[in-house]
$ cat query-v1.txt   # compact mmCIF, C-alpha atoms
# COMPACT_ATOMS: atom_id res chain seq x y z
CA MET C 1222 -8.77 33.87 27.30
CA LYS C 1223 -12.18 34.12 25.69
CA LYS C 1224 -14.78 36.22 27.45
CA GLU C 1225 -17.26 33.30 27.69
CA THR C 1226 -14.66 31.07 29.36
CA ALA C 1227 -13.89 33.78 31.90
CA ALA C 1228 -17.63 34.04 32.63
CA THR C 1229 -17.79 30.26 33.19
CA ASP C 1230 -14.91 30.44 35.67
CA HIS C 1231 -16.65 33.29 37.45
CA ALA C 1232 -19.96 31.41 37.74
CA LEU C 1233 -18.20 28.30 39.08
CA ALA C 1234 -16.09 30.24 41.59
CA LEU C 1235 -19.25 31.98 42.84
CA THR C 1236 -21.08 28.64 43.21
CA LEU C 1237 -18.20 27.16 45.22
CA LYS C 1238 -17.92 30.26 47.40
CA ILE C 1239 -21.64 30.41 48.20
CA GLY C 1240 -21.61 26.68 48.98
CA ALA C 1241 -18.50 26.89 51.18
CA TYR C 1242 -19.56 29.93 53.19
CA SER C 1243 -23.19 28.88 53.71
CA ALA C 1244 -22.19 25.34 54.75
CA PHE C 1245 -19.58 26.77 57.14
CA ALA C 1246 -22.07 29.30 58.59
CA CYS C 1247 -24.76 26.62 59.16
CA ILE C 1248 -22.35 24.14 60.77
CA VAL C 1249 -20.90 26.77 63.11
CA ALA C 1250 -24.32 28.22 64.00
CA GLY C 1251 -25.72 24.74 64.69
CA LEU C 1252 -22.74 23.80 66.85
CA LEU C 1253 -22.91 27.04 68.85
CA LEU C 1254 -26.63 26.56 69.47
CA HIS C 1255 -26.04 22.98 70.54
CA TYR C 1256 -23.06 23.43 72.84
CA PHE C 1257 -23.56 26.89 74.25
CA ALA C 1258 -27.32 27.47 74.17
CA GLY C 1259 -28.00 23.84 74.94
CA PHE C 1260 -30.67 22.85 72.48
CA SER C 1261 -30.25 20.27 69.79
CA ASN C 1262 -31.13 21.36 66.30
CA LYS C 1263 -30.92 20.39 62.66
CA VAL C 1264 -28.90 23.43 61.52
CA THR C 1265 -25.62 21.48 61.58
CA SER C 1266 -27.14 18.68 59.49
CA ALA C 1267 -28.41 21.30 57.05
CA GLY C 1268 -24.84 22.61 56.76
CA MET C 1269 -23.56 19.09 56.06
CA ILE C 1270 -26.20 18.63 53.37
CA ILE C 1271 -25.18 21.95 51.75
CA LEU C 1272 -21.57 20.73 51.85
CA LEU C 1273 -22.49 17.45 50.12
CA ALA C 1274 -24.74 19.20 47.60
CA THR C 1275 -22.31 21.94 46.55
CA PRO C 1276 -20.23 19.71 44.23
CA VAL C 1277 -23.45 18.50 42.57
CA VAL C 1278 -24.70 22.05 42.04
CA ARG C 1279 -21.25 22.88 40.66
CA ILE C 1280 -21.62 20.15 37.99
CA ILE C 1281 -25.03 21.52 36.97
CA VAL C 1282 -23.72 25.10 36.78
CA ALA C 1283 -20.78 23.93 34.64
CA GLY C 1284 -23.18 22.11 32.30
CA ILE C 1285 -25.35 25.20 31.89
CA GLU C 1286 -22.29 27.39 31.25
CA PHE C 1287 -20.99 24.99 28.58
CA LEU C 1288 -24.40 25.12 26.87
CA ARG C 1289 -24.23 28.91 26.99
CA GLU C 1290 -20.78 28.71 25.37
CA ARG C 1291 -22.39 26.44 22.74
CA ASP C 1292 -19.97 23.69 23.70
CA ARG C 1293 -22.18 20.65 23.36
CA LYS C 1294 -19.38 18.13 23.90
CA TYR C 1295 -18.55 19.36 27.39
CA ALA C 1296 -22.21 19.87 28.29
CA LEU C 1297 -22.54 16.13 27.64
CA VAL C 1298 -19.47 15.40 29.76
CA SER C 1299 -21.09 17.35 32.62
CA LEU C 1300 -24.28 15.35 32.16
CA GLY C 1301 -22.23 12.14 32.35
CA VAL C 1302 -20.59 13.17 35.63
CA LEU C 1303 -23.97 14.21 37.00
CA ALA C 1304 -25.40 10.78 36.08
CA ILE C 1305 -22.65 8.95 38.01
CA VAL C 1306 -23.10 11.19 41.06
CA ALA C 1307 -26.89 10.76 40.85
CA LEU C 1308 -26.36 6.98 40.78
CA ALA C 1309 -24.28 7.30 43.96
CA TYR C 1310 -27.09 9.24 45.67
CA TRP C 1311 -29.64 6.68 44.52
CA LEU C 1312 -27.54 3.71 45.69
CA GLY C 1313 -26.28 5.44 48.82
CA VAL C 1314 -29.20 7.13 50.50
CA MET W 771 -18.89 15.06 74.24
CA THR W 772 -17.35 17.54 76.67
CA ALA W 773 -16.67 21.14 75.69
CA SER W 774 -12.90 20.57 75.75
CA ALA W 775 -13.08 17.50 73.50
CA PHE W 776 -15.26 19.53 71.17
CA LEU W 777 -12.80 22.43 71.10
CA LEU W 778 -9.90 20.02 70.53
CA LEU W 779 -11.61 18.74 67.37
CA VAL W 780 -12.11 22.32 66.12
CA VAL W 781 -8.41 23.06 66.72
CA ILE W 782 -7.31 19.83 64.98
CA GLY W 783 -9.54 20.79 62.04
CA LEU W 784 -8.03 24.29 61.94
CA LEU W 785 -4.48 22.92 61.87
CA VAL W 786 -5.18 20.20 59.29
CA GLY W 787 -7.20 22.55 57.06
CA GLY W 788 -4.61 25.30 57.38
CA PHE W 789 -1.50 23.16 56.86
CA GLY W 790 -3.29 21.27 54.11
CA ALA W 791 -4.09 24.39 52.12
CA LEU W 792 -0.57 25.79 52.65
CA SER W 793 1.24 22.65 51.54
CA GLY W 794 -1.21 21.32 48.96
CA ILE W 795 -2.03 18.21 51.00
CA GLY W 796 -5.73 17.44 51.19
CA GLY W 797 -5.71 16.41 54.83
CA GLY W 798 -7.36 13.00 54.53
CA VAL W 799 -4.03 11.27 54.94
CA VAL W 800 -3.73 12.79 58.45
CA LEU W 801 -7.41 12.79 59.47
CA VAL W 802 -8.23 9.12 58.87
CA PRO W 803 -5.51 7.72 61.16
CA LEU W 804 -6.03 10.48 63.72
CA VAL W 805 -9.75 9.73 64.07
CA ALA W 806 -9.28 5.95 63.86
CA LEU W 807 -6.46 5.85 66.43
CA TYR W 808 -7.50 8.48 68.96
CA TYR W 809 -11.29 8.61 68.73
CA ASP W 810 -11.74 4.87 68.78
CA VAL W 811 -14.31 4.68 66.00
CA PRO W 812 -14.47 1.95 63.32
CA MET W 813 -12.29 2.51 60.22
CA HIS W 814 -15.38 3.06 58.05
CA GLN W 815 -16.43 5.99 60.26
CA ALA W 816 -12.94 7.49 60.22
CA ILE W 817 -13.04 7.37 56.41
CA GLY W 818 -16.55 8.88 56.32
CA VAL W 819 -15.49 11.77 58.56
CA SER W 820 -12.36 12.37 56.50
CA LEU W 821 -14.30 12.46 53.21
CA ILE W 822 -16.52 15.23 54.61
CA CYS W 823 -13.43 17.25 55.57
CA VAL W 824 -11.83 16.64 52.16
CA ILE W 825 -14.94 18.08 50.43
CA ALA W 826 -14.68 21.14 52.69
CA THR W 827 -10.99 21.74 51.85
CA SER W 828 -11.58 21.33 48.12
CA THR W 829 -14.66 23.58 48.06
CA ALA W 830 -13.01 26.30 50.14
CA THR W 831 -9.72 26.43 48.23
CA SER W 832 -10.75 25.64 44.66
CA ALA W 833 -12.98 28.74 44.45
CA LEU W 834 -9.80 30.86 44.56
CA PHE W 835 -7.96 28.89 41.85
CA VAL W 836 -11.00 28.92 39.56
CA GLU W 837 -11.35 32.66 40.02
CA GLN W 838 -7.70 33.14 38.98
CA HIS W 839 -8.35 31.02 35.85
CA VAL W 840 -5.66 28.51 36.85
CA THR W 841 -8.07 25.54 36.91
CA ASP W 842 -8.68 23.71 33.63
CA ILE W 843 -12.44 23.19 34.00
CA ARG W 844 -12.82 21.13 30.82
CA LEU W 845 -9.97 18.80 31.70
CA GLY W 846 -11.27 18.51 35.27
CA MET W 847 -14.81 17.64 34.21
CA THR W 848 -13.54 15.03 31.73
CA LEU W 849 -11.37 13.31 34.33
CA GLU W 850 -14.24 13.52 36.84
CA LEU W 851 -16.04 10.96 34.69
CA ALA W 852 -13.35 8.51 35.82
CA THR W 853 -12.76 9.72 39.41
CA THR W 854 -16.47 9.59 40.32
CA ALA W 855 -16.87 6.14 38.75
CA GLY W 856 -13.83 4.90 40.70
CA ALA W 857 -15.06 6.51 43.91
CA LEU W 858 -18.53 4.98 43.61
CA ILE W 859 -17.22 1.46 42.91
CA ALA W 860 -14.70 1.69 45.77
CA ALA W 861 -17.23 3.07 48.27
CA LEU W 862 -19.57 0.18 47.48
CA MET W 863 -16.65 -2.28 47.80
CA ALA W 864 -15.55 -0.81 51.14
CA ARG W 865 -18.79 -2.07 52.69
CA HIS W 866 -17.61 -5.61 52.20
CA LEU W 867 -14.08 -5.14 53.52
CA ASP W 868 -13.52 -5.78 57.20
CA ARG W 869 -12.01 -3.10 59.42
CA ARG W 870 -8.60 -4.72 59.84
CA THR W 871 -8.09 -5.10 56.08
CA LEU W 872 -8.95 -1.43 55.59
CA ALA W 873 -6.64 -0.44 58.45
CA LEU W 874 -3.77 -2.48 56.99
CA MET W 875 -4.31 -0.93 53.54
CA PHE W 876 -4.27 2.51 55.10
CA ALA W 877 -1.10 1.78 57.08
CA ILE W 878 0.66 0.78 53.84
CA PHE W 879 -0.66 3.88 52.08
CA LEU W 880 0.60 6.06 54.98
CA ALA W 881 4.09 4.59 54.78
CA TYR W 882 4.14 5.33 51.05
CA SER W 883 2.82 8.88 51.62
CA SER W 884 5.48 9.57 54.22
CA LEU W 885 8.23 8.60 51.78
CA SER W 886 6.78 10.58 48.88
CA LEU W 887 6.41 13.62 51.17
CA VAL W 888 10.16 13.48 51.82
CA ARG W 889 10.72 13.95 48.09
CA LYS W 890 8.09 16.68 47.89
CA ALA W 891 9.66 18.53 50.83
CA TRP W 892 13.11 18.27 49.22
CA GLY W 893 11.72 19.70 45.97
CA SER W 894 9.93 22.58 47.73
CA ARG W 895 13.19 24.10 48.98
CA LYS W 896 13.54 25.95 45.72
CA GLU W 897 10.19 27.69 45.59
CA GLU W 898 8.61 27.74 42.15
CA LYS W 899 7.75 31.21 40.96
CA GLU W 900 4.20 32.32 40.26
CA GLU W 901 4.65 32.62 36.53
CA PRO W 902 1.61 33.18 34.35
CA VAL W 903 0.41 29.91 32.84
CA SER W 904 1.63 29.51 29.27
CA ASP W 905 -0.46 27.88 26.55
CA TYR W 906 -0.49 24.13 26.56
CA ALA W 907 -2.22 21.25 24.80
CA VAL W 908 -3.52 18.30 26.82
CA HIS W 909 -2.00 14.96 25.79
CA ASN W 910 -2.71 11.33 26.53
CA TYR W 911 -6.33 11.32 27.76
CA PRO W 912 -6.49 7.49 28.13
CA MET W 913 -3.60 7.56 30.62
CA GLY W 914 -5.21 10.47 32.52
CA LEU W 915 -8.57 8.73 32.70
CA MET W 916 -6.96 5.51 33.94
CA ALA W 917 -5.04 7.36 36.67
CA SER W 918 -8.23 9.22 37.62
CA LEU W 919 -10.16 5.97 37.95
CA ILE W 920 -7.48 4.65 40.32
CA ALA W 921 -7.31 7.95 42.24
CA GLY W 922 -11.10 7.95 42.62
CA GLY W 923 -10.93 4.35 43.82
CA PHE W 924 -8.36 5.19 46.50
CA SER W 925 -10.49 8.16 47.54
CA GLY W 926 -13.63 6.08 48.00
CA LEU W 927 -11.77 3.26 49.74
CA LEU W 928 -9.44 5.19 52.04
CA GLY W 929 -11.09 8.61 52.50
CA ILE W 930 -8.31 10.62 50.89
CA GLY W 931 -8.36 13.17 48.07
CA GLY W 932 -6.10 11.33 45.64
CA GLY W 933 -4.04 14.35 44.53
CA PRO W 934 -0.69 12.54 44.77
CA ILE W 935 -1.88 10.13 42.05
CA LYS W 936 -3.51 12.61 39.65
CA VAL W 937 -1.10 15.54 39.78
CA PRO W 938 2.04 13.68 38.61
CA VAL W 939 0.12 11.95 35.79
CA MET W 940 -1.37 15.25 34.56
CA TYR W 941 2.02 16.93 34.77
CA LEU W 942 4.25 14.21 33.31
CA PHE W 943 2.00 12.37 30.85
CA MET W 944 -0.72 14.86 29.92
CA LYS W 945 1.82 17.74 29.68
CA VAL W 946 -0.27 20.08 31.82
CA PRO W 947 1.69 22.80 33.72
CA LEU W 948 2.18 21.88 37.38
CA ARG W 949 0.13 24.77 38.76
CA VAL W 950 -2.77 23.89 36.48
CA ALA W 951 -2.50 20.20 37.37
CA THR W 952 -2.56 20.97 41.10
CA ALA W 953 -5.51 23.37 40.83
CA THR W 954 -7.46 21.00 38.56
CA SER W 955 -6.88 18.02 40.86
CA ASN W 956 -8.05 20.10 43.81
CA PHE W 957 -11.16 21.11 41.84
CA MET W 958 -12.00 17.46 41.08
CA ILE W 959 -11.59 16.28 44.67
CA GLY W 960 -14.83 17.89 45.92
CA VAL W 961 -17.03 16.04 43.43
CA THR W 962 -15.07 12.80 43.85
CA ALA W 963 -15.23 12.82 47.65
CA ALA W 964 -18.92 13.80 47.61
CA THR W 965 -19.71 10.76 45.44
CA SER W 966 -18.30 8.29 47.96
CA ALA W 967 -19.26 10.36 51.02
CA VAL W 968 -22.92 9.93 50.08
CA VAL W 969 -22.50 6.15 50.19
CA TYR W 970 -20.80 6.34 53.62
CA TRP W 971 -23.50 8.77 54.81
CA GLY W 972 -26.24 6.38 53.67
CA ARG W 973 -24.67 3.60 55.75
CA GLY W 974 -24.53 5.81 58.83
CA ASP W 975 -20.74 6.04 58.66
CA VAL W 976 -20.57 9.84 58.95
CA ASN W 977 -20.23 10.32 62.71
CA MET W 978 -21.72 13.79 63.16
CA ALA W 979 -20.38 14.33 66.70
CA ILE W 980 -16.83 14.12 65.31
CA ALA W 981 -17.40 15.38 61.76
CA ALA W 982 -19.20 18.64 62.61
CA PRO W 983 -16.58 20.29 64.87
CA LEU W 984 -13.74 18.95 62.70
CA VAL W 985 -15.22 20.28 59.47
CA ALA W 986 -15.91 23.68 61.06
CA GLY W 987 -12.19 23.90 61.89
CA VAL W 988 -11.10 22.61 58.49
CA PHE W 989 -13.25 25.20 56.74
CA ALA W 990 -11.87 28.08 58.80
CA GLY W 991 -8.29 26.82 58.47
CA SER W 992 -8.35 26.32 54.72
CA LEU W 993 -10.22 29.57 54.00
CA LEU W 994 -7.62 31.51 55.99
CA ALA W 995 -4.61 29.62 54.67
CA ALA W 996 -5.63 29.80 51.02
CA ARG W 997 -5.16 33.55 51.32
CA ALA W 998 -1.89 33.33 53.23
CA LYS W 999 -0.38 30.92 50.72
CA HIS W 1000 3.21 31.58 49.60
CA ARG W 1001 3.89 33.66 52.68
CA VAL W 1002 4.71 30.57 54.73
CA PRO W 1003 7.50 28.26 53.51
CA ALA W 1004 5.99 24.90 52.55
CA PHE W 1005 9.25 23.09 53.37
CA TYR W 1006 8.78 23.04 57.15
CA ILE W 1007 5.10 22.11 56.92
CA LEU W 1008 5.96 19.20 54.63
CA LEU W 1009 8.74 18.09 56.98
CA LEU W 1010 6.21 18.10 59.83
CA LEU W 1011 3.82 16.04 57.71
CA VAL W 1012 6.57 13.49 56.96
CA GLY W 1013 6.94 12.97 60.71
CA ILE W 1014 3.20 12.80 61.41
CA THR W 1015 2.38 10.36 58.60
CA GLY W 1016 5.39 8.18 59.48
CA TRP W 1017 4.36 8.05 63.13
CA PHE W 1018 0.71 7.29 62.31
CA SER W 1019 1.78 4.56 59.89
CA ALA W 1020 3.90 2.86 62.55
CA GLN W 1021 1.06 3.08 65.07
CA MET W 1022 -1.48 1.63 62.65
CA PHE W 1023 0.81 -1.27 61.72
CA TYR W 1024 1.38 -1.93 65.43
CA LYS W 1025 -2.35 -1.89 66.17
CA VAL W 1026 -3.14 -4.24 63.28
CA ILE W 1027 -0.41 -6.68 64.33
CA THR W 1028 -1.51 -6.68 67.97
CA GLY W 1029 -5.08 -7.51 66.95
CA GLY W 1030 -6.67 -4.05 67.08
CA PHE W 1031 -9.22 -2.48 64.69
CA GLN W 1032 -11.82 -5.18 65.32

$ encode --input "query-v1.txt" --output "structure tokens"
Amino acid sequence: MKKETAATDHALALTLKIGAYSAFACIVAGLLLHYFAGFSNKVTSAGMIILLATPVVRIIVAGIEFLRERDRKYALVSLGVLAIVALAYWLGV
Amino acid sequence: MTASAFLLLVVIGLLVGGFGALSGIGGGVVLVPLVALYYDVPMHQAIGVSLICVIATSTATSALFVEQHVTDIRLGMTLELATTAGALIAALMARHLDRRTLALMFAIFLAYSSLSLVRKAWGSRKEEKEEPVSDYAVHNYPMGLMASLIAGGFSGLLGIGGGPIKVPVMYLFMKVPLRVATATSNFMIGVTAATSAVVYWGRGDVNMAIAAPLVAGVFAGSLLAARAKHRVPAFYILLLLVGITGWFSAQMFYKVITGGFQ
């Protein structure tokens, strides 16, 4: 495996990990505050938004990594996926 | 919601996330009927909740596969062009389908899943070894893109991941090794489910009271199980899933026939 490709995998794994753990932490913290300390809060919603945003951030990171690898074809593919997801956000929210 | 109902959702999430990660089943196939049948919410909300949990499973488990260089990022991103398009179209379509039609479609899908899980369980008796991935060339992109479009469509319409459609096509027609196909499908599911989840979210079909405790459990379960993988035999988990999906399918058919899901 080429060194650049390994670096891309590493960047993507890190993005997914940060997204997963921070979403999990926010959702749990928000739920604990709500059910056991008794005040409603927006921390859980923030966790949900992190969860929904992580895949989008992952596409952007992949695109940047492909550019760094000078792989223009796959940078364009990433841009294409991002465009479809952006369309979903625009139509959905 | 009472504290016990809340804790029950966390435990259900833990089990589904854990068993899902151990057996390679996304969890949507169990979560949608469970929420629709026992939490008495409209089908659209059950699907919205399931999509959120599917994103959590994919995000939590795919980090590990990517780190081990098993995931084919380029193949995944290419096929995501089709899965996200399919997911978006289907999520927009789902708005116009009534609840009973969706429930009937899901009941049929569950019956099919139950049968295909029997075959998967049978095949898992002889455990495949963790051999290093050999070099391969990806074949037949048009076929892969078509299957991905359909898988994305099912995901957006029924709240599932769509692995059972993509993995066989990648393995049989695109000549991708099975481990790579599984990891790549799992990688794609997060983006695919997020695309349609946003549409459900925008319509108010992500019921936070149910989704939040469930997703907390799913996260914990899949994070733990992804590390324990290959220490628990998948055969028994798959056998359990055959029973659960079969039972849910029968119940959903019964409820549709007797005029439920209004």

$ interface_residues --input "query-v1.txt" --of "chain C" --to "chain W" --cutoff "7 Å" --atoms "all atoms listed in the file" --output "list in words"
Asp1230, His1231, Ala1234, Leu1237, Lys1238, Ala1241, Phe1245, Ile1248, Val1249, Leu1272, Leu1273, Pro1276, Val1277, Tyr1295, Val1298, Ser1299, Gly1301, Val1302, Ile1305, Val1306, Ala1309, Tyr1310, Gly1313 and Val1314 of chain C

$ closest_residue --input "query-v1.txt" --among "C:Leu1254, C:Thr1236, C:Thr1229, C:Leu1300" --to "Thr1275 (chain C)" --atoms "all atoms listed in the file"
C:Thr1236

$ atom_distance --input "query-v1.txt" --atom1 "CA of Glu1290 (chain C)" --atom2 "CA of Ile1271 (chain C)"
27.6 Å

$ atom_distance --input "query-v1.txt" --atom1 "CA of Val805 (chain W)" --atom2 "CA of Val976 (chain W)"
12.0 Å

$ residues_around --input "query-v1.txt" --residues "Glu1286 (chain C)" --least-positions-apart "2" --cutoff "10 Å" --atoms "all atoms listed in the file" --output "list of chain:residue names"
C:Glu1225, C:Thr1226, C:Ala1228, C:Thr1229, C:Asp1230, C:Ala1232, C:Leu1233, C:Ile1280, C:Ile1281, C:Val1282, C:Ala1283, C:Gly1284, C:Leu1288, C:Arg1289, C:Glu1290, C:Arg1291, C:Asp1292, C:Tyr1295, C:Ala1296

$ closest_residue --input "query-v1.txt" --among "W:Trp892, W:Gly796, W:Met875, W:Tyr882" --to "Ala953 (chain W)" --atoms "only C-alpha atoms"
W:Gly796

$ atom_distance --input "query-v1.txt" --atom1 "CA of Gly914 (chain W)" --atom2 "CA of Lys1224 (chain C)"
27.9 Å

$ closest_residue --input "query-v1.txt" --among "W:Leu919, W:Val824, W:Met913, W:Leu778" --to "Tyr941 (chain W)" --atoms "only C-alpha atoms"
W:Met913

$ axis_aligned_box --input "query-v1.txt" --around "region 1235-1238 of chain C" --padding-each-side "8 Å" --output "AutoDock Vina command-line options"
--center_x -19.5 --center_y 29.6 --center_z 45.1 --size_x 19.2 --size_y 20.8 --size_z 20.6
